[in-house]
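Asks: The structure is given below, and queries will be raised subsequently.
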Protein chains: 2
Amino acid sequence: MDLFEALTTRRSVRKYGPDPIPDEQLERVLETARLAPSWANTQCWEIIVVKDPDTKKKLSDTLSEHNPARKAMVEAPMVIAALGKKGLAGVKGGIPATKLGDWFMFDVALLLHQLSLAAWGLGLGTVHVGLFDHDAAAGILDVPEGVEVVELMPLGKPIGPAKPAPARKPLSEFVFSEKYPKK
Amino acid sequence: MDLFEALTTRRSVRKYGPDPIPDEQLERVLETARLAPSWANTQCWEIIVVKDPDTKKKLSDTLSEHNPARKAMVEAPMVIAALGKKGLAGVKGGIPATKLGDWFMFDVALLLHQLSLAAWGLGLGTVHVGLFDHDAAAGILDVPEGVEVVELMPLGKPIGPAKPAPARKPLSEFVFSEKYPKK
């Protein structure tokens with residue numbers, strides 16, 4: 001797939017078919033994801049690949065009842081639990097190097113966007129799921145202290161018609177020249 | 001450019017030629033960047049395109065003396081100041097919706113990775129610069145309270161030979177199956 005086709009057609013997928021993902025496709029997605037950039041190459045990320053239907057169901061129960069991703073998480077053949085190890089990105093000797101604190105959220109996002117694009121290029125879909133009970137998910141997955149479950153991202157084959165893309169702001173609303181405009 | 005070529009060859013660029021970037025290339029990069037996903041499509045990001053040599057120099061002075069990106073910021077024809085508006089991503093009615101607080105760092109990272117890949121596809125380079133005096137940069141750019149300068153990303157034409165890619169962890173070190181491993 002062409003790069004710009006991927007960047008402009010990628011969509012959040014909330015309806016998945018049950019087909020398993022061939023191991024070599026999953027490996028290509030993960031091998032591509034690992035090349036994402038990170039703060040001083042600290043690679044603070046970890047991934048748990050969850051295929052077990054019982055665990056997927058338990059994870060989906062950490063979402064609110066009305067979240068459409070709840071069903072997606074059960075239907076997709078796997079969920080990528082994306083973790084961030086604290087104290088590495090943007091941190092030196094235990095002290096944040098900037099006013100923005102620990103940069104693990106930033107770096108996990110880089111990894112997940114790289115992963116989502118690689119998946120899309122292979123005909124697979126993903127969706128960012130960040131709204132759930134993070135401590136409950138950590139408990140289900142045995143994630144220790146010092147590591148945060150950031151997202152639970154379903155990965156699978158999209159089915160059904162795609163909804164129209166949500167409208168984005170035009171550049172004129174958020175791109176400024178030289179200085180922040182007076183408001 | 002092929003998607004996987006872009007995802008696997010993209011590199012951080014720290015040496016830039018002085019050639020200006022044609023307006024239509026910059027527009028294509030920004031038009032592609034704006035299609036990045038975000039928390040409930042809140043698009044908490046803003047961008048300031050800095051081309052003025054004096055402002056670029058002032059921004060570069062917010063980096064530490066030994067940061068190689070300092071020179072890059074002066075040499076590149078422009079710097080993309082990536083801002084995050086607080087209180088939108090991961091926040092509802094002023095209250096964080098998750099234990100992870102405000103998600104502006106996550107969403108700005110999605111935007112910047114999308115932007116970097118689009119730039120790479122047009123033969124342009126970028127580098128993540130997150131280590132600088134964020135308040136000083138906000139002052140230089142007139143950025144108001146409630147908005148954070150997250151990164152200062154040079155954008156321009158790479159020159160000189162690329163250094164070898166920094167080594168990444170193998171999948172076996174950070175991808176786990178079903179549960180976090182006992183350590």
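The chains in the structure tokens are called A, B, ... from first to last as shown; in each chain the residues are counted from 1, and the ligands are counted from 1 in the order shown.
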Near region 55-71 of chain B, counting only C-alpha atoms, which residues have an atom at most 12 Å away, once you skip same-chain residues fewer than 3 positions from it, shown as a PyMOL selection string?

Replies: (chain A and resi 40+97-98+177-179) or (chain B and resi 12-17+48-52+74-81+126-142+149+151-155)

Asks: Report as a PyMOL selection string all protein, DNA and RNA residues lying within 8 Å of Asp107 (chain B), evaluated on only C-alpha atoms, omitting residues in the same chain fewer than 5 positions from it.

Replies: (chain A and resi 106+109) or (chain B and resi 37-39+43-45+89)

Asks: Restricting the calculation to only C-alpha atoms, which member of B:Leu88, B:Leu83, B:Val175, B:Leu111 is positioned closest to chain A?

Replies: B:Val175

Asks: Assign secondary structure with DSSP using the backbone only, and return the residues of chain A in alpha helix (DSSP H) as a PDB file with N, CA and C atoms, in the first residue's frame.

Replies:
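Printed below is states20.pdb as written:
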ATOM      1  N   LEU A   3       2.183   4.874   1.001  1.00  0.00           N
ATOM      2  CA  LEU A   3       2.240   5.548   2.297  1.00  0.00           C
ATOM      3  C   LEU A   3       1.088   6.533   2.484  1.00  0.00           C
ATOM      4  N   PHE A   4       0.881   7.412   1.497  1.00  0.00           N
ATOM      5  CA  PHE A   4      -0.149   8.439   1.674  1.00  0.00           C
ATOM      6  C   PHE A   4      -1.547   7.830   1.645  1.00  0.00           C
ATOM      7  N   GLU A   5      -1.713   6.739   0.908  1.00  0.00           N
ATOM      8  CA  GLU A   5      -3.001   6.046   0.976  1.00  0.00           C
ATOM      9  C   GLU A   5      -3.249   5.567   2.409  1.00  0.00           C
ATOM     10  N   ALA A   6      -2.233   4.977   3.008  1.00  0.00           N
ATOM     11  CA  ALA A   6      -2.396   4.482   4.389  1.00  0.00           C
ATOM     12  C   ALA A   6      -2.680   5.632   5.353  1.00  0.00           C
ATOM     13  N   LEU A   7      -1.903   6.704   5.235  1.00  0.00           N
ATOM     14  CA  LEU A   7      -2.047   7.820   6.183  1.00  0.00           C
ATOM     15  C   LEU A   7      -3.402   8.512   6.048  1.00  0.00           C
ATOM     16  N   THR A   8      -3.975   8.507   4.843  1.00  0.00           N
ATOM     17  CA  THR A   8      -5.225   9.250   4.638  1.00  0.00           C
ATOM     18  C   THR A   8      -6.469   8.363   4.696  1.00  0.00           C
ATOM     19  N   THR A   9      -6.309   7.043   4.538  1.00  0.00           N
ATOM     20  CA  THR A   9      -7.501   6.177   4.575  1.00  0.00           C
ATOM     21  C   THR A   9      -7.648   5.415   5.892  1.00  0.00           C
ATOM     22  N   ASP A  23       0.073 -15.938  12.000  1.00  0.00           N
ATOM     23  CA  ASP A  23       1.237 -15.568  12.812  1.00  0.00           C
ATOM     24  C   ASP A  23       2.202 -14.648  12.079  1.00  0.00           C
ATOM     25  N   GLU A  24       2.372 -14.917  10.765  1.00  0.00           N
ATOM     26  CA  GLU A  24       3.382 -14.105  10.047  1.00  0.00           C
ATOM     27  C   GLU A  24       2.892 -12.665   9.861  1.00  0.00           C
ATOM     28  N   GLN A  25       1.560 -12.472   9.803  1.00  0.00           N
ATOM     29  CA  GLN A  25       1.037 -11.099   9.725  1.00  0.00           C
ATOM     30  C   GLN A  25       1.240 -10.380  11.059  1.00  0.00           C
ATOM     31  N   LEU A  26       0.917 -11.067  12.139  1.00  0.00           N
ATOM     32  CA  LEU A  26       1.112 -10.457  13.459  1.00  0.00           C
ATOM     33  C   LEU A  26       2.584 -10.109  13.670  1.00  0.00           C
ATOM     34  N   GLU A  27       3.454 -11.004  13.254  1.00  0.00           N
ATOM     35  CA  GLU A  27       4.883 -10.752  13.437  1.00  0.00           C
ATOM     36  C   GLU A  27       5.323  -9.536  12.616  1.00  0.00           C
ATOM     37  N   ARG A  28       4.785  -9.419  11.402  1.00  0.00           N
ATOM     38  CA  ARG A  28       5.173  -8.258  10.571  1.00  0.00           C
ATOM     39  C   ARG A  28       4.689  -6.954  11.221  1.00  0.00           C
ATOM     40  N   VAL A  29       3.488  -6.989  11.776  1.00  0.00           N
ATOM     41  CA  VAL A  29       2.955  -5.799  12.456  1.00  0.00           C
ATOM     42  C   VAL A  29       3.853  -5.423  13.642  1.00  0.00           C
ATOM     43  N   LEU A  30       4.215  -6.413  14.441  1.00  0.00           N
ATOM     44  CA  LEU A  30       5.012  -6.131  15.643  1.00  0.00           C
ATOM     45  C   LEU A  30       6.450  -5.746  15.290  1.00  0.00           C
ATOM     46  N   GLU A  31       7.018  -6.428  14.275  1.00  0.00           N
ATOM     47  CA  GLU A  31       8.390  -6.097  13.854  1.00  0.00           C
ATOM     48  C   GLU A  31       8.462  -4.673  13.306  1.00  0.00           C
ATOM     49  N   THR A  32       7.372  -4.223  12.689  1.00  0.00           N
ATOM     50  CA  THR A  32       7.341  -2.843  12.181  1.00  0.00           C
ATOM     51  C   THR A  32       7.129  -1.872  13.343  1.00  0.00           C
ATOM     52  N   ALA A  33       6.243  -2.246  14.259  1.00  0.00           N
ATOM     53  CA  ALA A  33       5.959  -1.369  15.401  1.00  0.00           C
ATOM     54  C   ALA A  33       7.219  -1.082  16.213  1.00  0.00           C
ATOM     55  N   PRO A  53     -10.184 -16.052  24.802  1.00  0.00           N
ATOM     56  CA  PRO A  53     -11.516 -15.423  24.818  1.00  0.00           C
ATOM     57  C   PRO A  53     -11.944 -14.994  26.222  1.00  0.00           C
ATOM     58  N   ASP A  54     -11.599 -15.767  27.223  1.00  0.00           N
ATOM     59  CA  ASP A  54     -11.991 -15.427  28.586  1.00  0.00           C
ATOM     60  C   ASP A  54     -11.300 -14.136  29.045  1.00  0.00           C
ATOM     61  N   THR A  55     -10.015 -14.009  28.741  1.00  0.00           N
ATOM     62  CA  THR A  55      -9.290 -12.788  29.132  1.00  0.00           C
ATOM     63  C   THR A  55      -9.803 -11.587  28.352  1.00  0.00           C
ATOM     64  N   LYS A  56     -10.082 -11.778  27.053  1.00  0.00           N
ATOM     65  CA  LYS A  56     -10.637 -10.666  26.264  1.00  0.00           C
ATOM     66  C   LYS A  56     -11.956 -10.194  26.863  1.00  0.00           C
ATOM     67  N   LYS A  57     -12.785 -11.152  27.274  1.00  0.00           N
ATOM     68  CA  LYS A  57     -14.075 -10.805  27.875  1.00  0.00           C
ATOM     69  C   LYS A  57     -13.869 -10.014  29.176  1.00  0.00           C
ATOM     70  N   LYS A  58     -12.949 -10.500  29.996  1.00  0.00           N
ATOM     71  CA  LYS A  58     -12.672  -9.790  31.255  1.00  0.00           C
ATOM     72  C   LYS A  58     -12.171  -8.370  30.986  1.00  0.00           C
ATOM     73  N   LEU A  59     -11.292  -8.236  29.987  1.00  0.00           N
ATOM     74  CA  LEU A  59     -10.777  -6.898  29.663  1.00  0.00           C
ATOM     75  C   LEU A  59     -11.907  -6.000  29.169  1.00  0.00           C
ATOM     76  N   SER A  60     -12.812  -6.578  28.354  1.00  0.00           N
ATOM     77  CA  SER A  60     -13.905  -5.756  27.810  1.00  0.00           C
ATOM     78  C   SER A  60     -14.810  -5.265  28.942  1.00  0.00           C
ATOM     79  N   ALA A  69     -16.510  -0.070  21.791  1.00  0.00           N
ATOM     80  CA  ALA A  69     -15.299  -0.887  21.676  1.00  0.00           C
ATOM     81  C   ALA A  69     -15.380  -2.138  22.538  1.00  0.00           C
ATOM     82  N   ARG A  70     -16.361  -2.156  23.461  1.00  0.00           N
ATOM     83  CA  ARG A  70     -16.532  -3.316  24.353  1.00  0.00           C
ATOM     84  C   ARG A  70     -16.796  -4.589  23.549  1.00  0.00           C
ATOM     85  N   LYS A  71     -17.716  -4.456  22.628  1.00  0.00           N
ATOM     86  CA  LYS A  71     -18.062  -5.603  21.772  1.00  0.00           C
ATOM     87  C   LYS A  71     -16.874  -5.921  20.832  1.00  0.00           C
ATOM     88  N   ALA A  72     -16.260  -4.870  20.329  1.00  0.00           N
ATOM     89  CA  ALA A  72     -15.133  -5.046  19.403  1.00  0.00           C
ATOM     90  C   ALA A  72     -14.034  -5.878  20.040  1.00  0.00           C
ATOM     91  N   MET A  73     -13.816  -5.650  21.322  1.00  0.00           N
ATOM     92  CA  MET A  73     -12.734  -6.324  22.030  1.00  0.00           C
ATOM     93  C   MET A  73     -12.983  -7.827  22.161  1.00  0.00           C
ATOM     94  N   VAL A  74     -14.251  -8.178  22.243  1.00  0.00           N
ATOM     95  CA  VAL A  74     -14.604  -9.598  22.325  1.00  0.00           C
ATOM     96  C   VAL A  74     -14.569 -10.232  20.938  1.00  0.00           C
ATOM     97  N   GLU A  75     -15.046  -9.487  19.948  1.00  0.00           N
ATOM     98  CA  GLU A  75     -15.158 -10.050  18.594  1.00  0.00           C
ATOM     99  C   GLU A  75     -13.816 -10.161  17.874  1.00  0.00           C
ATOM    100  N   PHE A 104       6.059   8.552  28.997  1.00  0.00           N
ATOM    101  CA  PHE A 104       5.665   7.216  28.529  1.00  0.00           C
ATOM    102  C   PHE A 104       4.404   7.263  27.666  1.00  0.00           C
ATOM    103  N   MET A 105       3.484   8.192  27.973  1.00  0.00           N
ATOM    104  CA  MET A 105       2.266   8.287  27.160  1.00  0.00           C
ATOM    105  C   MET A 105       2.612   8.677  25.722  1.00  0.00           C
ATOM    106  N   PHE A 106       3.545   9.601  25.600  1.00  0.00           N
ATOM    107  CA  PHE A 106       3.978  10.070  24.277  1.00  0.00           C
ATOM    108  C   PHE A 106       4.580   8.907  23.479  1.00  0.00           C
ATOM    109  N   ASP A 107       5.485   8.171  24.093  1.00  0.00           N
ATOM    110  CA  ASP A 107       6.188   7.118  23.359  1.00  0.00           C
ATOM    111  C   ASP A 107       5.292   5.919  23.059  1.00  0.00           C
ATOM    112  N   VAL A 108       4.402   5.582  23.969  1.00  0.00           N
ATOM    113  CA  VAL A 108       3.468   4.480  23.672  1.00  0.00           C
ATOM    114  C   VAL A 108       2.558   4.869  22.500  1.00  0.00           C
ATOM    115  N   ALA A 109       2.215   6.155  22.410  1.00  0.00           N
ATOM    116  CA  ALA A 109       1.408   6.616  21.278  1.00  0.00           C
ATOM    117  C   ALA A 109       2.165   6.453  19.955  1.00  0.00           C
ATOM    118  N   LEU A 110       3.464   6.778  19.964  1.00  0.00           N
ATOM    119  CA  LEU A 110       4.268   6.601  18.738  1.00  0.00           C
ATOM    120  C   LEU A 110       4.250   5.136  18.315  1.00  0.00           C
ATOM    121  N   LEU A 111       4.452   4.257  19.288  1.00  0.00           N
ATOM    122  CA  LEU A 111       4.435   2.820  18.987  1.00  0.00           C
ATOM    123  C   LEU A 111       3.095   2.397  18.407  1.00  0.00           C
ATOM    124  N   LEU A 112       2.013   2.850  19.016  1.00  0.00           N
ATOM    125  CA  LEU A 112       0.681   2.388  18.601  1.00  0.00           C
ATOM    126  C   LEU A 112       0.275   2.958  17.236  1.00  0.00           C
ATOM    127  N   HIS A 113       0.722   4.161  16.923  1.00  0.00           N
ATOM    128  CA  HIS A 113       0.382   4.685  15.599  1.00  0.00           C
ATOM    129  C   HIS A 113       1.161   3.931  14.519  1.00  0.00           C
ATOM    130  N   GLN A 114       2.424   3.661  14.814  1.00  0.00           N
ATOM    131  CA  GLN A 114       3.238   2.856  13.887  1.00  0.00           C
ATOM    132  C   GLN A 114       2.593   1.471  13.703  1.00  0.00           C
ATOM    133  N   LEU A 115       2.145   0.864  14.806  1.00  0.00           N
ATOM    134  CA  LEU A 115       1.506  -0.453  14.763  1.00  0.00           C
ATOM    135  C   LEU A 115       0.195  -0.405  13.961  1.00  0.00           C
ATOM    136  N   SER A 116      -0.607   0.612  14.195  1.00  0.00           N
ATOM    137  CA  SER A 116      -1.904   0.719  13.517  1.00  0.00           C
ATOM    138  C   SER A 116      -1.734   0.879  12.008  1.00  0.00           C
ATOM    139  N   LEU A 117      -0.722   1.661  11.620  1.00  0.00           N
ATOM    140  CA  LEU A 117      -0.488   1.865  10.190  1.00  0.00           C
ATOM    141  C   LEU A 117       0.008   0.587   9.533  1.00  0.00           C
ATOM    142  N   ALA A 118       0.889  -0.134  10.203  1.00  0.00           N
ATOM    143  CA  ALA A 118       1.365  -1.406   9.658  1.00  0.00           C
ATOM    144  C   ALA A 118       0.197  -2.379   9.499  1.00  0.00           C
ATOM    145  N   ALA A 119      -0.675  -2.433  10.502  1.00  0.00           N
ATOM    146  CA  ALA A 119      -1.851  -3.304  10.433  1.00  0.00           C
ATOM    147  C   ALA A 119      -2.729  -2.912   9.239  1.00  0.00           C
ATOM    148  N   TRP A 120      -2.979  -1.633   9.089  1.00  0.00           N
ATOM    149  CA  TRP A 120      -3.825  -1.134   8.002  1.00  0.00           C
ATOM    150  C   TRP A 120      -3.245  -1.535   6.638  1.00  0.00           C
ATOM    151  N   GLY A 121      -1.948  -1.474   6.530  1.00  0.00           N
ATOM    152  CA  GLY A 121      -1.282  -1.835   5.275  1.00  0.00           C
ATOM    153  C   GLY A 121      -1.440  -3.311   4.935  1.00  0.00           C
ATOM    154  N   HIS A 134      -8.149   1.253  34.307  1.00  0.00           N
ATOM    155  CA  HIS A 134      -6.765   0.847  34.049  1.00  0.00           C
ATOM    156  C   HIS A 134      -6.210  -0.079  35.133  1.00  0.00           C
ATOM    157  N   ASP A 135      -6.593   0.147  36.367  1.00  0.00           N
ATOM    158  CA  ASP A 135      -6.088  -0.721  37.439  1.00  0.00           C
ATOM    159  C   ASP A 135      -6.698  -2.118  37.348  1.00  0.00           C
ATOM    160  N   ALA A 136      -7.990  -2.177  36.962  1.00  0.00           N
ATOM    161  CA  ALA A 136      -8.623  -3.490  36.799  1.00  0.00           C
ATOM    162  C   ALA A 136      -7.938  -4.265  35.674  1.00  0.00           C
ATOM    163  N   ALA A 137      -7.639  -3.575  34.561  1.00  0.00           N
ATOM    164  CA  ALA A 137      -6.971  -4.244  33.439  1.00  0.00           C
ATOM    165  C   ALA A 137      -5.584  -4.735  33.864  1.00  0.00           C
ATOM    166  N   ALA A 138      -4.869  -3.911  34.623  1.00  0.00           N
ATOM    167  CA  ALA A 138      -3.539  -4.321  35.104  1.00  0.00           C
ATOM    168  C   ALA A 138      -3.646  -5.577  35.976  1.00  0.00           C
ATOM    169  N   GLY A 139      -4.704  -5.628  36.775  1.00  0.00           N
ATOM    170  CA  GLY A 139      -4.912  -6.805  37.617  1.00  0.00           C
ATOM    171  C   GLY A 139      -5.162  -8.061  36.798  1.00  0.00           C
ATOM    172  N   ILE A 140      -5.996  -7.941  35.786  1.00  0.00           N
ATOM    173  CA  ILE A 140      -6.315  -9.089  34.924  1.00  0.00           C
ATOM    174  C   ILE A 140      -5.059  -9.618  34.226  1.00  0.00           C
ATOM    175  N   LEU A 171      -6.900  23.335   8.541  1.00  0.00           N
ATOM    176  CA  LEU A 171      -5.598  23.836   9.000  1.00  0.00           C
ATOM    177  C   LEU A 171      -5.704  25.255   9.556  1.00  0.00           C
ATOM    178  N   SER A 172      -6.593  26.057   8.957  1.00  0.00           N
ATOM    179  CA  SER A 172      -6.705  27.460   9.385  1.00  0.00           C
ATOM    180  C   SER A 172      -7.078  27.589  10.861  1.00  0.00           C
ATOM    181  N   GLU A 173      -7.650  26.517  11.434  1.00  0.00           N
ATOM    182  CA  GLU A 173      -8.065  26.599  12.842  1.00  0.00           C
ATOM    183  C   GLU A 173      -6.978  26.234  13.840  1.00  0.00           C
ATOM    184  N   PHE A 174      -5.943  25.536  13.357  1.00  0.00           N
ATOM    185  CA  PHE A 174      -4.945  25.105  14.361  1.00  0.00           C
ATOM    186  C   PHE A 174      -3.497  25.242  13.921  1.00  0.00           C
TER     187      PHE A 174
END

Asks: Pick from B:Gly123, B:Pro96, B:Pro166, B:Gly90: nearest to Leu35 (chain A), with only C-alpha atoms counted?

Replies: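 Of B:Gly123, B:Pro96, B:Pro166, B:Gly90, the one nearest Leu35 (chain A) is B:Pro166, counting only C-alpha atoms.
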
Asks: For chain A, which residue out of B:Met1, B:Ala82, B:Leu122, B:Ala162 is the nearest one, using only C-alpha atoms?

Replies: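 Smallest separation from chain A among the options: B:Met1.
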